[in-house]
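Pasted below: data.csv, CSV, C-alpha atoms.
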chain,number,residue,atom,x,y,z
A,1,MET,CA,4.5,10.0,-12.1
A,2,THR,CA,3.1,12.6,-14.5
A,3,GLN,CA,-0.5,13.7,-14.3
A,4,LYS,CA,-1.3,11.9,-17.5
A,5,GLU,CA,0.1,8.6,-16.2
A,6,ALA,CA,-1.8,9.0,-13.0
A,7,PHE,CA,-5.0,9.5,-14.9
A,8,MET,CA,-4.5,6.6,-17.2
A,9,GLN,CA,-4.0,4.3,-14.3
A,10,ARG,CA,-7.3,5.2,-12.9
A,11,LEU,CA,-9.3,4.8,-16.1
A,12,THR,CA,-8.1,1.2,-16.6
A,13,ILE,CA,-6.2,1.2,-19.8
A,14,ASP,CA,-7.6,-2.2,-20.6
A,15,ASP,CA,-11.1,-0.8,-20.8
A,16,LEU,CA,-9.9,1.8,-23.3
A,17,LYS,CA,-8.2,-0.8,-25.4
A,18,LYS,CA,-11.4,-2.8,-25.5
A,19,ILE,CA,-13.4,0.1,-26.7
A,20,LYS,CA,-10.8,1.0,-29.2
A,21,GLU,CA,-10.8,-2.5,-30.7
A,22,GLN,CA,-14.6,-2.5,-30.7
A,23,TYR,CA,-14.8,0.7,-32.7
A,24,GLU,CA,-11.9,0.3,-35.0
A,25,GLY,CA,-14.0,-1.0,-37.9
A,26,THR,CA,-17.0,1.2,-37.4
A,27,PHE,CA,-15.1,4.5,-37.1
A,28,ALA,CA,-15.0,5.1,-40.8
A,29,LEU,CA,-18.7,4.7,-40.9
A,30,ARG,CA,-19.2,7.2,-38.1
A,31,HIS,CA,-16.8,9.6,-39.6
A,32,GLY,CA,-18.5,9.5,-43.0
A,33,GLY,CA,-21.7,11.1,-41.8
A,34,TYR,CA,-24.5,11.1,-39.4
A,35,ARG,CA,-28.2,10.6,-39.7
A,36,ALA,CA,-29.4,12.9,-37.0
A,37,LYS,CA,-28.0,15.7,-34.9
A,38,VAL,CA,-29.3,16.7,-31.5
A,39,THR,CA,-28.3,20.1,-30.1
A,40,ILE,CA,-28.8,20.6,-26.4
A,41,HIS,CA,-29.1,24.2,-25.5
A,42,MET,CA,-26.6,24.8,-22.7
A,43,GLY,CA,-26.7,28.5,-21.8
A,44,THR,CA,-26.8,29.6,-18.2
A,45,CYS,CA,-30.6,29.2,-18.3
A,46,GLY,CA,-30.5,25.7,-19.8
A,47,ILE,CA,-27.9,24.5,-17.4
A,48,ALA,CA,-29.8,25.9,-14.4
A,49,ALA,CA,-33.0,24.2,-15.6
A,50,GLY,CA,-31.4,20.8,-16.0
A,51,ALA,CA,-29.9,20.5,-19.5
A,52,ARG,CA,-27.0,18.5,-18.1
A,53,THR,CA,-29.3,15.6,-17.0
A,54,VAL,CA,-31.1,15.8,-20.4
A,55,MET,CA,-27.8,15.4,-22.2
A,56,GLY,CA,-26.7,12.6,-19.8
A,57,ALA,CA,-29.9,10.7,-20.5
A,58,LEU,CA,-29.4,11.0,-24.3
A,59,VAL,CA,-25.8,9.9,-24.1
A,60,GLU,CA,-26.9,6.9,-22.0
A,61,ALA,CA,-29.7,6.0,-24.4
A,62,LEU,CA,-27.3,6.1,-27.4
A,63,ALA,CA,-24.8,3.9,-25.5
A,64,GLN,CA,-27.6,1.5,-24.5
A,65,LYS,CA,-29.0,1.0,-28.0
A,66,ASP,CA,-25.5,1.2,-29.6
A,67,VAL,CA,-26.6,3.9,-31.9
A,68,GLN,CA,-23.7,5.1,-34.1
A,69,ASP,CA,-25.2,7.6,-36.5
A,70,VAL,CA,-26.4,10.3,-34.1
A,71,ILE,CA,-24.3,13.1,-32.9
A,72,ILE,CA,-24.9,15.3,-29.8
A,73,THR,CA,-23.7,18.8,-29.6
A,74,ALA,CA,-24.2,21.8,-27.3
A,75,SER,CA,-25.2,25.4,-28.1
A,76,GLY,CA,-26.0,28.5,-26.1
A,77,CYS,CA,-29.2,30.2,-25.0
A,78,ALA,CA,-31.9,30.0,-27.7
A,79,GLY,CA,-33.8,33.0,-26.3
A,80,PHE,CA,-36.6,31.0,-24.7
A,81,CYS,CA,-35.2,30.8,-21.2
A,82,SER,CA,-38.5,30.0,-19.6
A,83,LYS,CA,-38.9,27.0,-21.9
A,84,GLU,CA,-35.6,25.4,-21.0
A,85,PRO,CA,-34.2,22.7,-21.0
A,86,MET,CA,-34.5,22.7,-24.8
A,87,ALA,CA,-33.1,20.5,-27.5
A,88,THR,CA,-33.2,20.7,-31.3
A,89,VAL,CA,-33.5,17.4,-33.1
A,90,GLU,CA,-32.4,17.5,-36.7
A,91,ILE,CA,-32.9,14.4,-38.8
A,92,LEU,CA,-30.9,14.8,-42.0
A,93,GLY,CA,-33.0,16.2,-44.8
A,94,GLN,CA,-35.8,17.2,-42.5
A,95,ALA,CA,-36.7,20.5,-40.8
A,96,PRO,CA,-35.3,20.7,-37.3
A,97,VAL,CA,-37.7,20.4,-34.4
A,98,LYS,CA,-37.2,22.3,-31.1
A,99,TYR,CA,-38.4,20.6,-28.0
A,100,CYS,CA,-38.9,22.5,-24.8
A,101,CYS,CA,-39.4,21.9,-21.0
A,102,LEU,CA,-37.5,18.7,-21.2
A,103,ASP,CA,-36.4,16.2,-18.6
A,104,PRO,CA,-34.4,12.9,-18.9
A,105,GLU,CA,-37.6,10.9,-19.3
A,106,LYS,CA,-39.0,13.1,-22.1
A,107,MET,CA,-35.6,13.1,-23.8
A,108,LYS,CA,-35.6,9.3,-23.8
A,109,ARG,CA,-39.1,9.2,-25.4
A,110,ILE,CA,-38.0,11.7,-28.1
A,111,PHE,CA,-35.0,9.5,-28.7
A,112,ALA,CA,-37.1,6.4,-29.1
A,113,GLU,CA,-40.0,8.0,-31.1
A,114,HIS,CA,-38.4,10.7,-33.1
A,115,ILE,CA,-34.8,9.9,-33.6
A,116,GLN,CA,-35.3,6.2,-33.9
A,117,GLY,CA,-38.9,5.9,-35.0
A,118,GLY,CA,-39.1,9.0,-37.2
A,119,ASN,CA,-42.3,10.4,-35.6
A,120,ILE,CA,-42.1,13.8,-34.0
A,121,VAL,CA,-43.3,13.9,-30.4
A,122,GLN,CA,-45.8,16.7,-30.8
A,123,GLU,CA,-46.6,17.0,-27.1
A,124,TYR,CA,-43.1,18.3,-26.3
A,125,ALA,CA,-42.4,20.1,-29.5
A,126,LEU,CA,-42.2,23.9,-29.4
A,127,VAL,CA,-41.5,24.8,-33.0
A,128,MET,CA,-40.5,23.3,-36.3
A,129,GLY,CA,-38.3,24.8,-39.0
A,130,ASN,CA,-35.3,27.1,-39.2
A,131,GLU,CA,-36.7,30.5,-38.4
A,132,ASN,CA,-34.7,32.9,-36.4
A,133,SER,CA,-37.4,35.2,-35.3
A,134,TYR,CA,-36.7,35.2,-31.6
B,1,MET,CA,-27.7,26.6,-10.1
B,2,GLU,CA,-28.0,23.8,-7.6
B,3,ASP,CA,-24.3,22.9,-7.3
B,4,LEU,CA,-20.8,24.1,-8.1
B,5,SER,CA,-20.3,21.6,-10.9
B,6,LEU,CA,-23.2,23.2,-12.8
B,7,HIS,CA,-21.5,26.6,-12.4
B,8,ILE,CA,-18.3,25.1,-13.8
B,9,LEU,CA,-20.2,23.8,-16.8
B,10,ASP,CA,-21.7,27.3,-17.3
B,11,ILE,CA,-18.4,29.1,-16.9
B,12,ALA,CA,-16.6,26.7,-19.3
B,13,GLU,CA,-19.3,27.6,-21.9
B,14,ASN,CA,-18.0,31.2,-21.7
B,15,SER,CA,-14.5,30.0,-22.3
B,16,ILE,CA,-15.6,28.1,-25.4
B,17,ASN,CA,-17.4,31.1,-26.7
B,18,ALA,CA,-14.2,33.1,-26.3
B,19,GLY,CA,-12.5,30.6,-28.6
B,20,ALA,CA,-10.6,28.7,-26.0
B,21,THR,CA,-8.7,25.5,-27.1
B,22,LYS,CA,-7.8,24.5,-23.6
B,23,ILE,CA,-9.7,24.8,-20.3
B,24,VAL,CA,-8.1,24.0,-17.0
B,25,ILE,CA,-10.4,23.4,-14.0
B,26,ARG,CA,-9.0,23.3,-10.5
B,27,ILE,CA,-11.0,22.3,-7.5
B,28,ALA,CA,-9.4,22.4,-4.1
B,29,GLU,CA,-10.8,21.6,-0.7
B,30,ASP,CA,-8.7,22.5,2.3
B,31,HIS,CA,-10.5,21.3,5.4
B,32,GLY,CA,-7.8,22.6,7.7
B,33,LYS,CA,-8.5,26.1,6.6
B,34,ASP,CA,-12.2,25.5,6.0
B,35,ASN,CA,-11.8,26.8,2.5
B,36,CYS,CA,-12.6,25.4,-0.9
B,37,SER,CA,-12.0,27.0,-4.2
B,38,LEU,CA,-12.4,26.5,-7.8
B,39,SER,CA,-10.8,28.1,-10.8
B,40,VAL,CA,-11.4,27.9,-14.5
B,41,GLU,CA,-8.5,29.0,-16.7
B,42,ASP,CA,-8.8,29.3,-20.5
B,43,ASP,CA,-6.7,30.4,-23.4
B,44,GLY,CA,-9.5,32.2,-25.2
B,45,ARG,CA,-9.3,35.7,-26.5
B,46,GLY,CA,-9.6,37.4,-23.1
B,47,MET,CA,-11.2,40.7,-22.2
B,48,ASP,CA,-10.1,44.3,-21.8
B,49,LYS,CA,-10.4,46.0,-18.5
B,50,GLU,CA,-13.7,47.7,-19.3
B,51,THR,CA,-15.4,44.4,-20.3
B,52,LEU,CA,-13.9,42.6,-17.4
B,53,LEU,CA,-15.5,45.1,-14.9
B,54,LYS,CA,-18.8,44.9,-16.7
B,55,SER,CA,-18.9,41.1,-16.9
B,56,GLU,CA,-19.7,40.9,-13.2
B,57,ASP,CA,-22.7,43.1,-13.7
B,58,PRO,CA,-25.9,41.0,-14.3
B,59,PHE,CA,-27.3,43.7,-16.6
B,60,PHE,CA,-24.4,43.8,-19.0
B,61,THR,CA,-24.7,42.0,-22.3
B,62,CYS,CA,-22.1,41.6,-25.0
B,63,GLY,CA,-24.8,40.7,-27.5
B,64,ASP,CA,-25.0,42.6,-30.7
B,65,ASN,CA,-27.7,45.2,-30.2
B,66,ARG,CA,-27.9,45.8,-34.0
B,67,LYS,CA,-29.3,42.3,-34.4
B,68,LYS,CA,-31.9,43.2,-31.8
B,69,LYS,CA,-30.7,40.3,-29.8
B,70,LYS,CA,-30.3,41.0,-26.1
B,71,ARG,CA,-28.7,38.3,-24.1
B,72,PHE,CA,-27.6,38.9,-20.6
B,73,GLY,CA,-24.8,36.9,-19.2
B,74,LEU,CA,-25.9,35.8,-15.8
B,75,GLY,CA,-23.3,33.0,-15.3
B,76,ILE,CA,-20.6,35.1,-13.8
B,77,PRO,CA,-22.8,37.2,-11.5
B,78,LEU,CA,-24.5,34.0,-10.3
B,79,LEU,CA,-21.2,32.4,-9.4
B,80,LYS,CA,-20.0,35.6,-7.8
B,81,GLN,CA,-23.1,35.7,-5.6
B,82,ALA,CA,-22.7,32.0,-4.7
B,83,ALA,CA,-19.1,32.7,-3.5
B,84,THR,CA,-19.6,35.9,-1.7
B,85,GLU,CA,-22.8,34.7,0.0
B,86,CYS,CA,-20.8,32.1,1.9
B,87,GLY,CA,-17.8,34.0,3.0
B,88,GLY,CA,-15.7,33.5,-0.1
B,89,GLU,CA,-14.0,35.5,-2.7
B,90,PHE,CA,-14.4,36.0,-6.4
B,91,ARG,CA,-11.8,37.2,-8.9
B,92,LEU,CA,-11.7,37.4,-12.6
B,93,ASP,CA,-8.4,38.1,-14.3
B,94,SER,CA,-8.1,38.6,-18.0
B,95,GLU,CA,-6.0,40.2,-20.7
B,96,PRO,CA,-6.9,40.5,-24.4
B,97,GLY,CA,-5.2,37.7,-26.3
B,98,ARG,CA,-4.0,35.9,-23.1
B,99,GLY,CA,-7.1,34.2,-21.9
B,100,THR,CA,-9.2,34.5,-18.8
B,101,THR,CA,-8.9,33.0,-15.3
B,102,LEU,CA,-11.8,32.9,-13.0
B,103,PHE,CA,-11.3,32.2,-9.3
B,104,ALA,CA,-14.0,31.6,-6.7
B,105,SER,CA,-13.6,30.5,-3.1
B,106,PHE,CA,-16.1,29.4,-0.5
B,107,ARG,CA,-16.1,28.7,3.2
B,108,CYS,CA,-16.5,24.9,3.3
B,109,SER,CA,-18.6,24.8,6.4
B,110,HIS,CA,-20.9,27.7,5.5
B,111,ILE,CA,-24.6,26.6,5.5
B,112,ASP,CA,-25.2,28.2,2.1
B,113,ARG,CA,-22.2,26.6,0.4
B,114,LYS,CA,-23.4,24.7,-2.6
B,115,PRO,CA,-22.2,21.1,-2.8
B,116,LEU,CA,-19.8,20.2,-5.6
B,117,GLY,CA,-22.3,18.0,-7.3
B,118,ASP,CA,-21.8,15.7,-10.2
B,119,ILE,CA,-18.5,16.8,-11.6
B,120,GLY,CA,-18.3,13.7,-13.8
B,121,ALA,CA,-21.5,14.7,-15.6
B,122,THR,CA,-20.1,18.2,-16.1
B,123,MET,CA,-17.0,16.7,-17.8
B,124,LEU,CA,-19.3,14.4,-19.9
B,125,SER,CA,-21.4,17.4,-21.0
B,126,MET,CA,-18.4,19.5,-22.0
B,127,MET,CA,-16.7,16.7,-23.8
B,128,CYS,CA,-19.9,15.7,-25.6
B,129,GLY,CA,-20.7,19.3,-26.6
B,130,HIS,CA,-17.3,20.4,-27.6
B,131,PRO,CA,-15.0,17.4,-28.0
B,132,GLU,CA,-12.3,19.3,-29.9
B,133,ILE,CA,-11.3,21.3,-26.8
B,134,ARG,CA,-8.7,20.0,-24.3
B,135,TYR,CA,-10.1,19.7,-20.8
B,136,VAL,CA,-7.9,19.4,-17.8
B,137,LEU,CA,-9.3,18.8,-14.3
B,138,PHE,CA,-7.4,18.9,-11.0
B,139,TYR,CA,-9.1,17.9,-7.8
B,140,ASP,CA,-7.3,18.2,-4.5
B,141,ILE,CA,-8.3,17.6,-1.0
B,142,SER,CA,-6.1,18.6,2.0
B,143,SER,CA,-7.2,17.0,5.2
B,144,ALA,CA,-7.6,18.9,8.5
B,145,SER,CA,-4.5,17.5,10.0
B,146,GLY,CA,-2.3,18.8,7.2
B,147,ASN,CA,0.1,15.9,7.5
B,148,GLY,CA,-0.5,13.6,4.6
B,149,GLY,CA,-3.7,11.9,3.7
B,150,GLY,CA,-4.3,14.4,1.0
B,151,PHE,CA,-6.0,13.4,-2.2
B,152,HIS,CA,-4.9,14.5,-5.6
B,153,TYR,CA,-6.7,13.7,-8.9
B,154,GLY,CA,-5.9,14.8,-12.4
B,155,PHE,CA,-7.7,14.3,-15.6
B,156,ASP,CA,-6.5,15.3,-19.1
B,157,SER,CA,-8.7,14.8,-22.1
B,158,ASP,CA,-5.6,14.9,-24.3
B,159,ALA,CA,-4.2,11.8,-22.5
B,160,LEU,CA,-7.5,10.1,-23.2
B,161,LYS,CA,-7.4,11.1,-26.9
B,162,GLU,CA,-3.8,9.8,-27.1
B,163,ALA,CA,-4.8,6.5,-25.8
B,164,LEU,CA,-7.8,6.2,-28.0
B,165,GLY,CA,-6.0,7.0,-31.2
B,166,ASP,CA,-8.4,7.3,-34.1
B,167,THR,CA,-11.5,6.5,-32.0
B,168,PRO,CA,-13.4,9.7,-31.3
B,169,VAL,CA,-13.5,10.9,-27.7
B,170,ASN,CA,-17.2,11.8,-27.8
B,171,LEU,CA,-18.5,8.2,-28.2
B,172,PRO,CA,-21.3,7.7,-25.8
B,173,GLU,CA,-19.6,4.7,-24.1
B,174,ILE,CA,-16.4,6.6,-23.6
B,175,LEU,CA,-18.2,9.6,-22.2
B,176,ILE,CA,-20.0,7.5,-19.7
B,177,MET,CA,-16.8,5.7,-18.8
B,178,VAL,CA,-15.1,9.1,-18.2
B,179,ARG,CA,-18.0,10.3,-16.1
B,180,ASP,CA,-18.1,7.2,-13.9
B,181,SER,CA,-14.3,7.1,-13.6
B,182,ILE,CA,-14.1,10.7,-12.4
B,183,ASN,CA,-16.9,10.3,-10.0
B,184,ARG,CA,-15.5,7.0,-8.6
B,185,ALA,CA,-12.1,8.7,-8.0
B,186,VAL,CA,-13.6,11.7,-6.4
B,187,ALA,CA,-15.8,9.6,-4.1
B,188,ALA,CA,-12.8,7.5,-3.1
B,189,GLY,CA,-10.8,10.6,-2.4
B,190,ARG,CA,-13.5,12.0,-0.2
B,191,GLU,CA,-13.8,8.8,1.7
B,192,GLN,CA,-10.1,8.8,2.2
B,193,ALA,CA,-10.1,12.4,3.5
B,194,LYS,CA,-13.0,11.6,5.8
B,195,MET,CA,-11.1,8.6,7.3
B,196,THR,CA,-8.0,10.7,7.9
B,197,LEU,CA,-10.1,13.4,9.6
B,198,LYS,CA,-11.6,10.8,11.9
B,199,SER,CA,-8.3,9.2,12.9
B,200,HIS,CA,-6.9,12.7,13.4
B,201,ASN,CA,-9.7,13.6,15.8
B,202,LYS,CA,-9.2,10.4,17.8
B,203,VAL,CA,-5.6,11.3,18.4
Have the structure of the file written as structure tokens, please.
Amino acid sequence: MTQKEAFMQRLTIDDLKKIKEQYEGTFALRHGGYRAKVTIHMGTCGIAAGARTVMGALVEALAQKDVQDVIITASGCAGFCSKEPMATVEILGQAPVKYCCLDPEKMKRIFAEHIQGGNIVQEYALVMGNENSY
Amino acid sequence: MEDLSLHILDIAENSINAGATKIVIRIAEDHGKDNCSLSVEDDGRGMDKETLLKSEDPFFTCGDNRKKKKRFGLGIPLLKQAATECGGEFRLDSEPGRGTTLFASFRCSHIDRKPLGDIGATMLSMMCGHPEIRYVLFYDISSASGNGGGFHYGFDSDALKEALGDTPVNLPEILIMVRDSINRAVAAGREQAKMTLKSHNKV
């Protein structure tokens, strides 16, 4: 048995088929564009401060609400190591907002209020805009 | 870093920055020899000898000083410290154009040895952040007796992509499924190894 086969056996191929069927129609939509992009800063500092749990919380929130038009990506250190974990939320056509000192709960609130609701969570926001002054 | 899976996530980020398209992660626990090891192998651009030596120095940065950006790479020194602190070894092999292989070993029973942690979440984060890269994970446990009862697990994100066809691999549902599937398999393997150890001790 090859490694690939061994792996596929464990991940229950039926589950994969189900997901594949479920998304067959919606894929074109997703491929066409996204409404929001969330960048989790995953440098050494971010990871040590808990960026992985923040990303996990966001992925779970997206799956739970079945949100199709938000993409999550990772980037490196943003230069504010003491403010990690950080995430940049960019709603298409609006200035990106950097959030700092995050945890899974805060990320879920940002998802509900900013990404879905359109209101910036000012308590957690660090900076708004595209400047690169750091 | 709280656990080794966070170190792996951190080291893999270096590979991605070096332009890797494939990252192979190997985790091995050998309870007979009281040794566990991890290695991260990439096909990125690699480093020359000089950079290789400097990369283990916490005060070295490969950031561009002209841009007035100073970024210090602490990931490698931190992992080196974690390994050497608990009676392990640390090695970094690289050649320009041929990729980099990082190897760290630990004494399993050492009190300072960090636990492996949530390896599934690490795979989720990597596949979510950089879905275009091929991730391969091997996880092996050899029991103390050395005669069977070992556990071997393999994951290949390309196999997943193949099965999914057009469906993107970084869909939240798929990422969560991959995380849970890996963690389930690892937990089962550990349980199995523990049982073997117990029955071995009885004899």
Up to 8 Å from chain A, what residues of chain B turn up? Count only C-alpha atoms and give them as an mmCIF file with C-alpha atoms, in the coordinates of the input.
data_model
loop_
_atom_site.group_PDB
_atom_site.id
_atom_site.type_symbol
_atom_site.label_atom_id
_atom_site.label_comp_id
_atom_site.auth_asym_id
_atom_site.auth_seq_id
_atom_site.Cartn_x
_atom_site.Cartn_y
_atom_site.Cartn_z
ATOM 1 C CA MET B 1 -27.700 26.600 -10.100
ATOM 2 C CA GLU B 2 -28.000 23.800 -7.600
ATOM 3 C CA LEU B 6 -23.200 23.200 -12.800
ATOM 4 C CA LEU B 9 -20.200 23.800 -16.800
ATOM 5 C CA ASP B 10 -21.700 27.300 -17.300
ATOM 6 C CA GLU B 13 -19.300 27.600 -21.900
ATOM 7 C CA ARG B 71 -28.700 38.300 -24.100
ATOM 8 C CA GLY B 73 -24.800 36.900 -19.200
ATOM 9 C CA LEU B 74 -25.900 35.800 -15.800
ATOM 10 C CA GLY B 75 -23.300 33.000 -15.300
ATOM 11 C CA ALA B 121 -21.500 14.700 -15.600
ATOM 12 C CA THR B 122 -20.100 18.200 -16.100
ATOM 13 C CA LEU B 124 -19.300 14.400 -19.900
ATOM 14 C CA SER B 125 -21.400 17.400 -21.000
ATOM 15 C CA CYS B 128 -19.900 15.700 -25.600
ATOM 16 C CA GLY B 129 -20.700 19.300 -26.600
ATOM 17 C CA HIS B 130 -17.300 20.400 -27.600
ATOM 18 C CA TYR B 153 -6.700 13.700 -8.900
ATOM 19 C CA GLY B 154 -5.900 14.800 -12.400
ATOM 20 C CA PHE B 155 -7.700 14.300 -15.600
ATOM 21 C CA ASP B 156 -6.500 15.300 -19.100
ATOM 22 C CA ALA B 159 -4.200 11.800 -22.500
ATOM 23 C CA LEU B 160 -7.500 10.100 -23.200
ATOM 24 C CA ALA B 163 -4.800 6.500 -25.800
ATOM 25 C CA LEU B 164 -7.800 6.200 -28.000
ATOM 26 C CA GLY B 165 -6.000 7.000 -31.200
ATOM 27 C CA ASP B 166 -8.400 7.300 -34.100
ATOM 28 C CA THR B 167 -11.500 6.500 -32.000
ATOM 29 C CA PRO B 168 -13.400 9.700 -31.300
ATOM 30 C CA PRO B 172 -21.300 7.700 -25.800
ATOM 31 C CA GLU B 173 -19.600 4.700 -24.100
ATOM 32 C CA ILE B 174 -16.400 6.600 -23.600
ATOM 33 C CA LEU B 175 -18.200 9.600 -22.200
ATOM 34 C CA ILE B 176 -20.000 7.500 -19.700
ATOM 35 C CA VAL B 178 -15.100 9.100 -18.200
ATOM 36 C CA SER B 181 -14.300 7.100 -13.600
ATOM 37 C CA ALA B 185 -12.100 8.700 -8.000
#
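Omitting Tyr99 of chain A and its sequence neighbours fewer than 3 positions away, and counting all atoms listed in the file, the residues within 8 Å are Met86, Ala87, Thr88, Val89, Leu102, Tyr124, Ala125, Leu126 and Val127 of chain A.
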I want to know what sits within 12 Å of Ile27 of chain B, based on only C-alpha atoms, with residues of the same chain fewer than 6 positions away left out; could you give that as a ChimeraX atom specification? /B:4-5,8,35-41,102-106,116,119,136-142,151-155,186
Now that the selection is made, can you save its residues with C-alpha atoms as a compact mmCIF listing (two decimals), keeping the file's coordinate frame?
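The result, written out as result.txt:
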# COMPACT_ATOMS: atom_id res chain seq x y z
CA LEU B 4 -20.80 24.10 -8.10
CA SER B 5 -20.30 21.60 -10.90
CA ILE B 8 -18.30 25.10 -13.80
CA ASN B 35 -11.80 26.80 2.50
CA CYS B 36 -12.60 25.40 -0.90
CA SER B 37 -12.00 27.00 -4.20
CA LEU B 38 -12.40 26.50 -7.80
CA SER B 39 -10.80 28.10 -10.80
CA VAL B 40 -11.40 27.90 -14.50
CA GLU B 41 -8.50 29.00 -16.70
CA LEU B 102 -11.80 32.90 -13.00
CA PHE B 103 -11.30 32.20 -9.30
CA ALA B 104 -14.00 31.60 -6.70
CA SER B 105 -13.60 30.50 -3.10
CA PHE B 106 -16.10 29.40 -0.50
CA LEU B 116 -19.80 20.20 -5.60
CA ILE B 119 -18.50 16.80 -11.60
CA VAL B 136 -7.90 19.40 -17.80
CA LEU B 137 -9.30 18.80 -14.30
CA PHE B 138 -7.40 18.90 -11.00
CA TYR B 139 -9.10 17.90 -7.80
CA ASP B 140 -7.30 18.20 -4.50
CA ILE B 141 -8.30 17.60 -1.00
CA SER B 142 -6.10 18.60 2.00
CA PHE B 151 -6.00 13.40 -2.20
CA HIS B 152 -4.90 14.50 -5.60
CA TYR B 153 -6.70 13.70 -8.90
CA GLY B 154 -5.90 14.80 -12.40
CA PHE B 155 -7.70 14.30 -15.60
CA VAL B 186 -13.60 11.70 -6.40
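Going from atom CA of Ile133 of chain B over to atom CA of Val38 of chain A, you cover 19.2 Å.
With atom CA of Arg134 of chain B on one side and atom CA of Gly97 of chain B on the other, the separation reads 18.2 Å.
For the set B:Asn170, B:Lys80, B:Met177, B:Gly44, the residue with the smallest atom-to-atom gap to Ala20 of chain B is B:Gly44, counting only C-alpha atoms.
Interatomic distance, atom CA of Ala82 of chain B to atom CA of Lys114 of chain B: 7.6 Å.
Residues surrounding Met128 of chain A within 7 Å are Ala95, Pro96, Val97 and Lys98 of chain A [only C-alpha atoms; sequence separation below 2 positions excluded].
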Can you give me N, CA and C atoms for segment 99-116 of chain B, written as a PDB file, in the frame of the given file?
ATOM      1  N   GLY B  99      -6.189  35.052 -22.613  1.00  0.00           N
ATOM      2  CA  GLY B  99      -7.100  34.200 -21.900  1.00  0.00           C
ATOM      3  C   GLY B  99      -7.650  34.772 -20.609  1.00  0.00           C
ATOM      4  N   THR B 100      -8.463  33.996 -19.948  1.00  0.00           N
ATOM      5  CA  THR B 100      -9.200  34.500 -18.800  1.00  0.00           C
ATOM      6  C   THR B 100      -9.036  33.417 -17.651  1.00  0.00           C
ATOM      7  N   THR B 101      -8.861  33.894 -16.432  1.00  0.00           N
ATOM      8  CA  THR B 101      -8.900  33.000 -15.300  1.00  0.00           C
ATOM      9  C   THR B 101      -9.911  33.449 -14.290  1.00  0.00           C
ATOM     10  N   LEU B 102     -10.786  32.548 -13.940  1.00  0.00           N
ATOM     11  CA  LEU B 102     -11.800  32.900 -13.000  1.00  0.00           C
ATOM     12  C   LEU B 102     -11.500  32.108 -11.678  1.00  0.00           C
ATOM     13  N   PHE B 103     -11.612  32.789 -10.575  1.00  0.00           N
ATOM     14  CA  PHE B 103     -11.300  32.200  -9.300  1.00  0.00           C
ATOM     15  C   PHE B 103     -12.484  32.441  -8.328  1.00  0.00           C
ATOM     16  N   ALA B 104     -12.979  31.410  -7.686  1.00  0.00           N
ATOM     17  CA  ALA B 104     -14.000  31.600  -6.700  1.00  0.00           C
ATOM     18  C   ALA B 104     -13.696  30.724  -5.481  1.00  0.00           C
ATOM     19  N   SER B 105     -13.836  31.276  -4.282  1.00  0.00           N
ATOM     20  CA  SER B 105     -13.600  30.500  -3.100  1.00  0.00           C
ATOM     21  C   SER B 105     -14.820  30.522  -2.183  1.00  0.00           C
ATOM     22  N   PHE B 106     -14.909  29.554  -1.326  1.00  0.00           N
ATOM     23  CA  PHE B 106     -16.100  29.400  -0.500  1.00  0.00           C
ATOM     24  C   PHE B 106     -15.626  28.952   0.916  1.00  0.00           C
ATOM     25  N   ARG B 107     -16.366  29.316   1.938  1.00  0.00           N
ATOM     26  CA  ARG B 107     -16.100  28.700   3.200  1.00  0.00           C
ATOM     27  C   ARG B 107     -16.789  27.369   3.277  1.00  0.00           C
ATOM     28  N   CYS B 108     -15.996  26.308   3.408  1.00  0.00           N
ATOM     29  CA  CYS B 108     -16.500  24.900   3.300  1.00  0.00           C
ATOM     30  C   CYS B 108     -17.731  24.701   4.184  1.00  0.00           C
ATOM     31  N   SER B 109     -17.632  25.157   5.425  1.00  0.00           N
ATOM     32  CA  SER B 109     -18.600  24.800   6.400  1.00  0.00           C
ATOM     33  C   SER B 109     -19.843  25.734   6.397  1.00  0.00           C
ATOM     34  N   HIS B 110     -19.816  26.749   5.542  1.00  0.00           N
ATOM     35  CA  HIS B 110     -20.900  27.700   5.500  1.00  0.00           C
ATOM     36  C   HIS B 110     -22.208  26.988   5.074  1.00  0.00           C
ATOM     37  N   ILE B 111     -23.310  27.327   5.757  1.00  0.00           N
ATOM     38  CA  ILE B 111     -24.600  26.600   5.500  1.00  0.00           C
ATOM     39  C   ILE B 111     -25.077  26.816   4.084  1.00  0.00           C
ATOM     40  N   ASP B 112     -24.725  27.945   3.480  1.00  0.00           N
ATOM     41  CA  ASP B 112     -25.200  28.200   2.100  1.00  0.00           C
ATOM     42  C   ASP B 112     -24.259  27.728   1.037  1.00  0.00           C
ATOM     43  N   ARG B 113     -23.172  27.095   1.460  1.00  0.00           N
ATOM     44  CA  ARG B 113     -22.200  26.600   0.400  1.00  0.00           C
ATOM     45  C   ARG B 113     -22.838  25.510  -0.382  1.00  0.00           C
ATOM     46  N   LYS B 114     -22.829  25.697  -1.697  1.00  0.00           N
ATOM     47  CA  LYS B 114     -23.400  24.700  -2.600  1.00  0.00           C
ATOM     48  C   LYS B 114     -22.474  23.466  -2.595  1.00  0.00           C
ATOM     49  N   PRO B 115     -23.036  22.265  -2.681  1.00  0.00           N
ATOM     50  CA  PRO B 115     -22.200  21.100  -2.800  1.00  0.00           C
ATOM     51  C   PRO B 115     -21.512  21.074  -4.185  1.00  0.00           C
ATOM     52  N   LEU B 116     -20.456  20.283  -4.333  1.00  0.00           N
ATOM     53  CA  LEU B 116     -19.800  20.200  -5.600  1.00  0.00           C
ATOM     54  C   LEU B 116     -20.686  19.611  -6.686  1.00  0.00           C
TER      55      LEU B 116
END
